[in-house]
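*Asks:* Here you go, work_2.csv (CSV, C-alpha atoms):
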chain,number,residue,atom,x,y,z
A,215,MET,CA,0.0,0.0,0.0
A,216,LYS,CA,1.4,3.4,-1.0
A,217,PRO,CA,1.5,6.1,1.7
A,218,LYS,CA,-0.7,9.2,1.6
A,219,LEU,CA,1.7,12.0,2.1
A,220,SER,CA,0.6,15.4,3.5
A,221,LYS,CA,2.9,18.1,4.8
A,222,LEU,CA,2.1,20.9,7.1
A,223,LEU,CA,4.7,23.5,8.2
A,224,LEU,CA,4.3,24.2,11.9
A,225,CYS,CA,6.1,26.4,14.4
A,226,ALA,CA,6.4,25.1,18.0
A,227,SER,CA,5.0,27.6,20.3
A,228,LEU,CA,6.8,28.9,23.5
A,229,LEU,CA,4.8,27.9,26.6
A,230,THR,CA,7.5,28.7,29.1
A,231,ALA,CA,10.5,31.1,29.2
A,232,CYS,CA,12.9,28.2,28.7
A,233,SER,CA,11.0,26.5,25.8
A,234,GLN,CA,13.0,26.4,22.6
A,235,ALA,CA,11.0,26.9,19.3
A,236,ALA,CA,11.7,24.8,16.2
A,237,GLU,CA,10.2,24.7,12.8
A,238,TYR,CA,9.3,21.3,11.6
A,239,GLN,CA,7.2,19.4,9.0
A,240,LEU,CA,4.5,16.9,10.0
A,241,GLU,CA,4.4,14.1,7.4
A,242,GLU,CA,1.9,11.3,7.1
A,243,LEU,CA,3.7,8.2,6.0
A,244,ALA,CA,0.9,5.5,6.4
A,245,THR,CA,-2.7,5.1,7.3
A,246,GLU,CA,-5.1,2.3,8.1
A,247,LEU,CA,-2.8,0.5,10.4
A,248,LYS,CA,-4.7,-1.8,12.8
A,249,ARG,CA,-4.3,-0.2,16.3
A,250,PRO,CA,-0.5,0.1,16.1
A,251,TRP,CA,1.4,-0.1,19.3
A,252,GLY,CA,5.1,-0.1,18.8
A,253,LEU,CA,7.8,0.3,16.1
A,254,ALA,CA,11.4,-0.7,15.6
A,255,PHE,CA,13.9,0.3,13.0
A,256,ILE,CA,15.6,-2.7,11.4
A,257,ASP,CA,17.8,-0.3,9.4
A,258,ALA,CA,17.5,3.3,8.1
A,259,GLY,CA,14.8,2.2,5.6
A,260,GLN,CA,12.7,-0.5,7.2
A,261,ILE,CA,10.4,-0.4,10.2
A,262,VAL,CA,8.6,-3.2,12.0
A,263,ILE,CA,5.2,-2.1,13.4
A,264,THR,CA,3.3,-4.1,15.9
A,265,GLU,CA,-0.5,-4.1,16.0
A,266,LYS,CA,-2.4,-4.7,19.2
A,267,ALA,CA,-4.7,-7.4,17.8
A,268,GLY,CA,-1.7,-9.7,17.2
A,269,SER,CA,-0.3,-8.8,13.8
A,270,ALA,CA,2.8,-6.9,12.6
A,271,GLN,CA,3.9,-5.1,9.5
A,272,LEU,CA,7.2,-4.5,7.8
A,273,PHE,CA,7.1,-0.9,6.4
A,274,ASP,CA,9.5,0.4,3.7
A,275,LEU,CA,10.1,4.1,4.1
A,276,ALA,CA,11.3,4.7,0.6
A,277,SER,CA,8.3,3.1,-1.2
A,278,GLY,CA,5.7,3.3,1.4
A,279,GLN,CA,4.9,-0.4,0.9
A,280,ARG,CA,4.2,-2.7,3.8
A,281,ARG,CA,4.1,-6.4,4.2
A,282,PRO,CA,2.4,-8.4,6.9
A,283,LEU,CA,4.8,-10.5,9.0
A,284,SER,CA,4.2,-14.2,9.5
A,285,GLY,CA,5.4,-16.3,12.4
A,286,LEU,CA,3.7,-14.6,15.3
A,287,PRO,CA,2.4,-16.9,18.1
A,288,LYS,CA,-1.2,-18.1,18.1
A,289,ASP,CA,-1.7,-17.4,21.8
A,290,ILE,CA,-1.6,-13.6,21.8
A,291,TYR,CA,-4.5,-12.6,23.9
A,292,SER,CA,-5.9,-9.4,22.6
A,293,ARG,CA,-8.6,-8.2,25.0
A,294,GLY,CA,-9.0,-5.0,26.9
A,295,GLN,CA,-5.6,-3.3,27.1
A,296,GLY,CA,-3.6,-6.4,26.3
A,297,GLY,CA,-2.4,-7.8,23.0
A,298,LEU,CA,0.8,-7.5,21.0
A,299,MET,CA,2.7,-4.6,22.5
A,300,ASP,CA,6.2,-3.3,22.1
A,301,VAL,CA,9.0,-4.3,19.7
A,302,LYS,CA,12.7,-3.3,19.8
A,303,TYR,CA,15.5,-4.4,17.4
A,304,HIS,CA,18.9,-5.2,18.9
A,305,PRO,CA,22.2,-5.2,17.1
A,306,ASN,CA,22.5,-8.9,18.0
A,307,GLY,CA,20.0,-9.6,15.2
A,308,TRP,CA,17.0,-10.4,17.3
A,309,LEU,CA,13.7,-8.5,17.5
A,310,TYR,CA,12.4,-8.4,21.0
A,311,PHE,CA,8.6,-8.2,21.8
A,312,THR,CA,6.3,-7.9,24.7
A,313,TYR,CA,2.8,-9.4,24.4
A,314,ASN,CA,-0.1,-10.7,26.4
A,315,LYS,CA,0.2,-14.4,26.5
A,316,ALA,CA,-3.1,-16.3,26.9
A,317,SER,CA,-3.5,-18.1,30.2
A,318,ASP,CA,-6.0,-20.7,31.5
A,319,GLU,CA,-6.0,-18.9,34.9
A,320,GLY,CA,-7.1,-15.5,33.7
A,321,ARG,CA,-6.7,-12.8,31.0
A,322,GLY,CA,-3.1,-13.4,30.2
A,323,ARG,CA,0.4,-12.6,31.3
A,324,THR,CA,2.8,-10.0,30.1
A,325,THR,CA,5.5,-11.9,28.2
A,326,LEU,CA,9.0,-11.1,26.8
A,327,ALA,CA,9.9,-12.8,23.6
A,328,ARG,CA,12.2,-12.6,20.6
A,329,ALA,CA,12.4,-13.7,17.0
A,330,LYS,CA,14.6,-13.3,13.9
A,331,LEU,CA,13.4,-11.5,10.8
A,332,GLU,CA,13.9,-13.4,7.5
A,333,GLY,CA,12.2,-11.6,4.7
A,334,SER,CA,8.7,-11.1,5.8
A,335,ALA,CA,8.7,-14.0,8.3
A,336,LEU,CA,9.5,-14.1,12.0
A,337,THR,CA,11.5,-17.2,12.7
A,338,GLN,CA,12.9,-18.9,15.8
A,339,TRP,CA,10.3,-17.3,18.1
A,340,GLN,CA,11.2,-17.8,21.7
A,341,ASP,CA,9.3,-16.8,24.8
A,342,LEU,CA,12.0,-15.6,27.1
A,343,LEU,CA,10.1,-14.7,30.3
A,344,VAL,CA,6.4,-15.3,30.9
A,345,SER,CA,5.8,-13.0,33.8
A,346,ASP,CA,3.9,-14.0,36.9
A,347,SER,CA,1.2,-11.4,36.3
A,348,VAL,CA,-2.0,-13.2,35.6
A,349,SER,CA,-5.2,-11.4,36.4
A,350,VAL,CA,-9.0,-11.7,35.8
A,351,THR,CA,-9.0,-8.1,34.6
A,352,GLY,CA,-8.0,-7.0,31.1
A,353,ARG,CA,-6.1,-3.9,32.3
A,354,HIS,CA,-2.6,-2.6,32.9
A,355,TYR,CA,-0.3,-5.0,31.2
A,356,GLY,CA,2.4,-2.4,30.5
A,357,SER,CA,4.6,-2.7,28.5
A,358,ARG,CA,7.7,-1.2,26.9
A,359,ILE,CA,11.2,-2.4,26.3
A,360,ALA,CA,14.5,-0.6,26.8
A,361,PHE,CA,18.1,-1.7,26.1
A,362,GLY,CA,20.5,-0.5,28.8
A,363,PRO,CA,24.0,0.7,28.3
A,364,ASP,CA,25.0,-2.2,30.6
A,365,GLY,CA,24.1,-4.6,27.8
A,366,HIS,CA,20.9,-5.8,29.4
A,367,LEU,CA,17.2,-5.6,28.8
A,368,TYR,CA,14.5,-3.8,30.8
A,369,PHE,CA,10.7,-4.0,30.5
A,370,GLY,CA,7.7,-3.0,32.5
A,371,VAL,CA,4.7,-5.0,33.8
A,372,GLY,CA,1.5,-3.2,35.0
A,373,ASP,CA,-0.5,-3.8,38.2
A,374,ARG,CA,-3.1,-5.7,36.1
A,375,GLY,CA,-5.9,-3.6,37.7
A,376,VAL,CA,-5.6,-5.3,41.1
A,377,ARG,CA,-3.3,-2.8,42.8
A,378,ALA,CA,-2.1,-4.5,46.0
A,379,PRO,CA,0.3,-7.1,44.4
A,380,ALA,CA,2.4,-4.1,43.2
A,381,GLN,CA,3.8,-4.1,46.7
A,382,ASP,CA,4.3,-7.9,46.8
A,383,ASN,CA,7.5,-8.9,45.1
A,384,SER,CA,6.7,-12.6,45.1
A,385,ASN,CA,5.1,-11.8,41.7
A,386,HIS,CA,6.0,-9.5,38.7
A,387,ILE,CA,3.0,-7.3,39.0
A,388,GLY,CA,3.7,-3.5,39.0
A,389,THR,CA,7.4,-3.8,38.3
A,390,VAL,CA,10.3,-2.9,36.0
A,391,LEU,CA,12.2,-6.0,35.3
A,392,ARG,CA,15.9,-6.4,34.3
A,393,VAL,CA,17.2,-9.5,32.5
A,394,ASP,CA,20.0,-10.5,30.1
A,395,MET,CA,19.3,-10.8,26.4
A,396,GLU,CA,18.1,-14.4,26.9
A,397,GLY,CA,15.6,-13.3,29.5
A,398,LYS,CA,17.4,-14.6,32.6
A,399,ALA,CA,17.6,-12.7,35.9
A,400,LEU,CA,21.0,-11.1,36.6
A,401,ALA,CA,23.0,-11.8,39.7
A,402,ASP,CA,23.5,-8.1,40.4
A,403,ASN,CA,19.8,-7.4,40.4
A,404,PRO,CA,18.7,-5.8,43.7
A,405,PHE,CA,16.7,-8.7,45.0
A,406,TYR,CA,18.5,-11.6,43.3
A,407,GLY,CA,18.8,-14.6,45.6
A,408,GLN,CA,16.3,-13.3,48.2
A,409,ALA,CA,13.6,-15.7,49.4
A,410,ASN,CA,10.1,-15.2,47.9
A,411,ILE,CA,11.1,-12.3,45.7
A,412,LYS,CA,11.2,-12.6,41.9
A,413,PRO,CA,14.9,-12.2,40.9
A,414,GLU,CA,14.1,-10.2,37.8
A,415,ILE,CA,12.6,-7.3,39.7
A,416,TYR,CA,14.6,-4.0,39.3
A,417,SER,CA,12.0,-1.6,40.8
A,418,TYR,CA,8.4,-1.9,42.0
A,419,GLY,CA,5.4,-0.1,43.2
A,420,HIS,CA,4.4,0.9,39.6
A,421,ARG,CA,0.8,1.2,38.3
A,422,ASN,CA,1.1,0.8,34.6
A,423,PRO,CA,4.5,1.5,32.9
A,424,GLN,CA,4.0,2.9,29.4
A,425,GLY,CA,7.5,4.0,28.6
A,426,LEU,CA,11.1,3.3,29.4
A,427,ALA,CA,14.1,5.2,28.2
A,428,PHE,CA,17.8,5.8,29.0
A,429,ASP,CA,19.2,9.2,28.9
A,430,GLY,CA,22.7,10.1,27.7
A,431,ASP,CA,24.2,9.5,31.2
A,432,GLY,CA,22.8,6.0,31.3
A,433,GLN,CA,20.0,6.8,33.7
A,434,LEU,CA,16.7,4.9,33.3
A,435,TRP,CA,13.4,6.8,33.3
A,436,GLU,CA,9.9,5.5,33.3
A,437,ILE,CA,6.5,7.0,32.5
A,438,GLU,CA,3.3,5.4,33.8
A,439,HIS,CA,-0.5,5.8,33.9
A,440,GLY,CA,-1.9,6.9,37.2
A,441,PRO,CA,-5.5,7.2,38.1
A,442,ARG,CA,-7.2,10.5,37.8
A,443,GLY,CA,-4.5,13.1,38.2
A,444,GLY,CA,-1.7,10.7,38.9
A,445,ASP,CA,0.4,10.1,35.8
A,446,GLU,CA,4.1,10.0,36.7
A,447,ILE,CA,7.6,10.2,35.3
A,448,ASN,CA,10.0,8.3,37.5
A,449,LYS,CA,13.8,8.3,37.7
A,450,ILE,CA,14.4,4.6,38.2
A,451,VAL,CA,16.7,3.5,41.0
A,452,ALA,CA,17.6,-0.2,41.5
A,453,GLY,CA,15.5,-1.7,44.3
A,454,ALA,CA,13.4,1.3,44.8
A,455,ASN,CA,9.7,1.3,45.7
A,456,TYR,CA,7.6,3.9,43.8
A,457,GLY,CA,4.6,3.6,46.1
A,458,TRP,CA,1.7,2.3,44.1
A,459,PRO,CA,-1.0,1.8,45.4
A,460,ARG,CA,-0.1,3.2,48.9
A,461,ALA,CA,1.3,6.5,47.5
A,462,SER,CA,-0.4,8.3,44.7
A,463,TYR,CA,-1.3,11.7,43.5
A,464,GLY,CA,-4.4,10.4,41.8
A,465,ARG,CA,-8.0,10.1,42.8
A,466,GLU,CA,-10.5,7.3,42.7
A,467,TYR,CA,-12.7,6.8,39.6
A,468,SER,CA,-15.8,5.7,41.6
A,469,GLU,CA,-15.7,8.5,44.1
A,470,ASP,CA,-13.9,11.8,44.6
A,471,LYS,CA,-11.3,10.8,47.2
A,472,PRO,CA,-7.5,10.2,47.1
A,473,VAL,CA,-6.1,6.9,46.1
A,474,GLY,CA,-3.9,5.3,48.8
A,475,GLU,CA,-2.6,6.7,52.1
A,476,ALA,CA,-0.8,9.9,50.9
A,477,SER,CA,0.9,11.4,47.8
A,478,GLN,CA,4.3,10.8,49.4
A,479,ILE,CA,5.4,8.2,51.9
A,480,GLU,CA,8.8,7.9,53.6
A,481,GLY,CA,10.9,5.2,52.1
A,482,MET,CA,9.1,5.3,48.8
A,483,LEU,CA,10.5,7.4,45.9
A,484,ASP,CA,8.5,10.3,44.7
A,485,ALA,CA,7.8,11.0,41.1
A,486,ALA,CA,10.0,13.4,39.1
A,487,VAL,CA,7.0,14.7,37.3
A,488,VAL,CA,3.3,14.4,38.1
A,489,TYR,CA,0.5,15.2,35.6
A,490,ILE,CA,-2.6,16.8,37.2
A,491,PRO,CA,-5.0,16.3,35.3
A,492,SER,CA,-3.8,13.1,33.7
A,493,ILE,CA,-2.6,13.2,30.1
A,494,ALA,CA,-2.7,9.3,29.7
A,495,PRO,CA,1.0,8.9,28.6
A,496,SER,CA,1.7,6.2,26.1
A,497,SER,CA,5.5,6.1,25.6
A,498,LEU,CA,8.7,7.8,26.4
A,499,MET,CA,11.6,8.9,24.2
A,500,ILE,CA,14.7,10.9,25.2
A,501,TYR,CA,15.9,12.7,22.1
A,502,SER,CA,19.6,12.4,21.1
A,503,GLY,CA,19.6,13.1,17.3
A,504,ALA,CA,21.2,15.8,15.2
A,505,ALA,CA,18.1,16.8,13.2
A,506,PHE,CA,16.8,18.9,16.2
A,507,PRO,CA,19.9,19.9,18.1
A,508,GLN,CA,17.9,22.3,20.4
A,509,TRP,CA,15.9,19.2,21.7
A,510,GLN,CA,18.9,17.0,22.5
A,511,GLY,CA,18.4,15.5,26.0
A,512,GLN,CA,14.7,16.4,26.1
A,513,PHE,CA,11.9,14.0,26.9
A,514,PHE,CA,9.0,13.3,24.5
A,515,ALA,CA,5.8,11.4,25.6
A,516,GLY,CA,2.7,10.6,23.7
A,517,ALA,CA,-0.6,11.7,25.3
A,518,LEU,CA,-3.7,9.7,24.7
A,519,ALA,CA,-6.4,11.5,26.7
A,520,MET,CA,-5.0,15.0,26.1
A,521,THR,CA,-4.1,14.2,22.4
A,522,HIS,CA,-0.7,15.9,22.0
A,523,LEU,CA,3.0,15.3,22.1
A,524,ASN,CA,4.4,16.2,25.5
A,525,ARG,CA,7.9,17.7,25.5
A,526,LEU,CA,9.9,18.1,28.7
A,527,GLY,CA,13.3,19.5,29.6
A,528,PHE,CA,15.3,20.4,32.7
A,529,ASP,CA,15.2,23.8,34.3
A,530,ALA,CA,18.2,25.7,35.7
A,531,GLN,CA,17.9,23.8,39.0
A,532,GLY,CA,18.0,20.4,37.2
A,533,LYS,CA,14.3,19.7,37.7
A,534,LEU,CA,12.4,18.0,34.9
A,535,GLN,CA,9.4,20.0,33.8
A,536,GLU,CA,6.9,20.3,30.9
A,537,GLN,CA,8.0,22.6,28.2
A,538,GLU,CA,5.4,22.3,25.5
A,539,ARG,CA,2.3,20.5,24.3
A,540,MET,CA,3.0,19.9,20.6
A,541,LEU,CA,0.4,19.1,18.0
A,542,ALA,CA,-2.4,19.9,20.5
A,543,ASP,CA,-4.7,21.1,17.7
A,544,LYS,CA,-4.5,17.8,15.7
A,545,GLY,CA,-6.6,15.5,18.0
A,546,LEU,CA,-4.0,12.7,17.8
A,547,ARG,CA,-4.1,9.9,20.4
A,548,ILE,CA,-0.3,9.3,20.1
A,549,ARG,CA,0.5,5.7,21.1
A,550,HIS,CA,4.2,5.6,20.4
A,551,VAL,CA,7.1,8.0,20.0
A,552,ALA,CA,10.5,6.9,18.5
A,553,GLU,CA,13.6,8.6,17.2
A,554,GLY,CA,14.7,7.4,13.8
A,555,PRO,CA,18.3,6.8,12.7
A,556,GLU,CA,18.4,10.2,10.9
A,557,GLY,CA,17.1,12.0,14.0
A,558,TYR,CA,13.5,12.5,12.8
A,559,ILE,CA,10.7,11.8,15.3
A,560,TYR,CA,8.2,9.1,14.4
A,561,LEU,CA,4.7,8.8,15.9
A,562,LEU,CA,2.1,6.1,15.9
A,563,THR,CA,-1.5,7.0,16.6
A,564,ASP,CA,-4.5,4.9,17.8
A,565,ALA,CA,-6.3,5.9,14.6
A,566,GLY,CA,-3.8,3.9,12.6
A,567,ARG,CA,-1.4,6.6,11.3
A,568,LEU,CA,2.4,6.6,11.0
A,569,LEU,CA,3.6,10.2,11.2
A,570,ARG,CA,7.0,11.9,11.1
A,571,LEU,CA,8.4,15.2,12.4
A,572,LYS,CA,11.4,16.5,10.4
A,573,PRO,CA,13.0,19.9,10.2
A,574,ALA,CA,11.4,22.4,7.9
A,575,PRO,CA,13.2,23.2,4.7
Just give me the structure as structure tokens.

*Replies:*
Amino acid sequence: MKPKLSKLLLCASLLTACSQAAEYQLEELATELKRPWGLAFIDAGQIVITEKAGSAQLFDLASGQRRPLSGLPKDIYSRGQGGLMDVKYHPNGWLYFTYNKASDEGRGRTTLARAKLEGSALTQWQDLLVSDSVSVTGRHYGSRIAFGPDGHLYFGVGDRGVRAPAQDNSNHIGTVLRVDMEGKALADNPFYGQANIKPEIYSYGHRNPQGLAFDGDGQLWEIEHGPRGGDEINKIVAGANYGWPRASYGREYSEDKPVGEASQIEGMLDAAVVYIPSIAPSSLMIYSGAAFPQWQGQFFAGALAMTHLNRLGFDAQGKLQEQERMLADKGLRIRHVAEGPEGYIYLLTDAGRLLRLKPAP
């Protein structure tokens, strides 16, 4: 299918004194994708795009053609918020995926897997870690993948809509996990070898991780859905407890009262950024490219409920804060944000569009 290309010259507005304007083009590269969720560059010209219902596409940037990929497992459970989720390509030649694996006990488990790409076929599919995260709800699976500068893999698992197990490390619910490239727990993980604690756990007390990204200094950051008024960006520290559901800035859906005991609790790490009201973040990218040098080191998050691209940077005191709500007039439920090899910014939307931001001529 050939892409429908449309270009619109935009100028990023200044919302705070330290916001940096940039002129850019918004291009539409593809439409009619089926609820796209994640994308990964195989090389400068080819992208793998996952679709929540359990399919994936190989997209050619030069021609606009896309081919469906065969070889996906038959037990992807696509109900509620679960399905085929993230994808990342590693220089070792493997594509890594997270997906919701069907389970007899409930509505699936967040699972880390990998496969090789041969033409338009996924081969040698391997489930590396089927997390202990089964639930009877169809909510809060996570999940995004990040490759660390330490050579290892990190991915998030949501609280599965049942809350309390996010403080119980005998399971993987409400955690960020750290494993080697074969999905095995690492001996220097913070809880490795401790009785009744899953050895893959790196941090816990998370509600629903929707983005993971490393900055230029090798620091891991995470963005997650909160309840009403409680979305968070967290600076991830090994072994830390981020409080959910005991500590939260959000409020209950069923009645107007706070969630948990307090917004901050001693011994639990507070969020670096809290969104009130919620924006419903969908991914996290920390920009490092040359195409937009004024944005290097800045954070970009898709916003589902508030339909914009959220840009953040550090103030003079080193505090992360929102700089700008880009594309706010476009009504886009942005599901994924990625930096391309050339430094352009790629977006997937729930409406099935692949978009690209590039500098204006």

*Asks:* Excluding segment 509-514 of chain A and its own-chain neighbours fewer than 2 positions away, which residues fall within 6 Å of it when counting all atoms listed in the file? Please give them as a list in words.

*Replies:* Leu498, Met499, Ile500, Tyr501, Ser502, Phe506, Pro507, Asn524, Arg525, Leu526 and Gly527 of chain A

*Asks:* Could you build a table of the residues in segment 328-388 of chain A lying no more than 12 Å from segment 533-552 of chain A, giving for each the nearest pair of atoms and their separation in Å rounded to one decimal place, using only C-alpha atoms, ordered by chain and ascending residue number, as JSON lines?

*Replies:*
{"residue": "A:Ser357", "atom": "CA", "partner": "A:His550", "partner_atom": "CA", "distance": 11.6}
{"residue": "A:Arg358", "atom": "CA", "partner": "A:His550", "partner_atom": "CA", "distance": 10.0}
{"residue": "A:Ala360", "atom": "CA", "partner": "A:Ala552", "partner_atom": "CA", "distance": 11.9}

*Asks:* Quick one: residues within 9 Å of Gly285 of chain A, all atoms listed in the file counted, chain neighbours fewer than 3 positions away excluded, as a list in words?

*Replies:*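 My list of contacting residues is Lys288, Ala329, Ala335, Leu336, Thr337, Gln338 and Trp339 of chain A.
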
*Asks:* Output C-alpha atoms of each residue in that selection to a file, as a short mmCIF file (atom, residue, chain, number, x, y, z; two decimals), keeping the file's coordinate frame.

*Replies:*
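Saved file out22.cif follows:
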data_model
loop_
_atom_site.label_atom_id
_atom_site.label_comp_id
_atom_site.auth_asym_id
_atom_site.auth_seq_id
_atom_site.Cartn_x
_atom_site.Cartn_y
_atom_site.Cartn_z
CA LYS A 288 -1.20 -18.10 18.10
CA ALA A 329 12.40 -13.70 17.00
CA ALA A 335 8.70 -14.00 8.30
CA LEU A 336 9.50 -14.10 12.00
CA THR A 337 11.50 -17.20 12.70
CA GLN A 338 12.90 -18.90 15.80
CA TRP A 339 10.30 -17.30 18.10
#

*Asks:* Between A:Leu518, A:Leu331, A:Ile447, A:Ala236, which one has atoms that come closest to Tyr489 of chain A, using only C-alpha atoms?

*Replies:*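 Closest residue, counting only C-alpha atoms: A:Ile447.
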
*Asks:* I need the residue nearest Ala494 of chain A from this list: A:Met482, A:Leu523, A:Leu275, A:Leu561. Use all atoms listed in the file for the distance.

*Replies:*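 The shortest atom-to-atom distance to Ala494 of chain A comes from A:Leu523.
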
*Asks:* Kindly give the distance, in Å, that separates atom CA of Ile559 of chain A and atom CA of Ala504 of chain A, rounded to a single decimal.

*Replies:*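 The value is 11.2 Å.
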
*Asks:* How many Å separate atom CA of Arg392 of chain A from atom CA of Ala316 of chain A?

*Replies:*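 Taking atom CA of Arg392 of chain A and atom CA of Ala316 of chain A, their separation equals 22.7 Å.
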
*Asks:* Can you tell me, as a PyMOL selection string, what residues are no more than 12 Å from Gly372 of chain A when counting all atoms listed in the file, ignoring any on the same chain fewer than 5 positions away?

*Replies:* chain A and resi 295-296+314+323-325+345-349+351-358+377-381+385-391+418-425+437-440+458-459

*Asks:* Excluding Val350 of chain A and residues on its chain fewer than 6 positions from it, collect all residues at most 8 Å away from it, counting only C-alpha atoms, and give them as a list in words.

*Replies:*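 Those residues are Glu319, Gly320 and Arg321 of chain A.
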
*Asks:* Can you tell me how far atom CA of Asp318 of chain A sits from atom CA of Gly370 of chain A, in Å to one decimal?

*Replies:*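 Those two atoms sit 22.4 Å apart.
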
*Asks:* Hey, which of A:Glu332, A:Asp341, A:Glu446, A:Asp429 ends up closest to Met395 of chain A? Count all atoms listed in the file.

*Replies:*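 Smallest distance to Met395 of chain A is found for A:Asp341.
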
*Asks:* Set the distance at 12 Å and use all atoms listed in the file: which residues neighbour Pro472 of chain A once local chain neighbours fewer than 6 positions away are removed? I'd like the list as a ChimeraX atom specification.

*Replies:* /A:440-444,459-466

*Asks:* Name the closest residue to Asn306 of chain A among the candidates A:Pro413, A:Gly474, A:Gly365, A:Pro404; distances are taken between atoms, counting all atoms listed in the file.

*Replies:*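 Among A:Pro413, A:Gly474, A:Gly365, A:Pro404, it is A:Gly365 that comes nearest to Asn306 of chain A.
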
*Asks:* Using all atoms listed in the file for the distances, tell me which of A:Ile411, A:Ala276, A:Ile256, A:Leu326 is nearest to Ile290 of chain A.

*Replies:*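 Counting all atoms listed in the file, the residue closest to Ile290 of chain A is A:Leu326.
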
*Asks:* Which one of A:Gln260, A:Asp364, A:Val371, A:Gly278 sits closest to Gly333 of chain A if you count all atoms listed in the file?

*Replies:*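 For Gly333 of chain A, the nearest of the candidates is A:Gln260.
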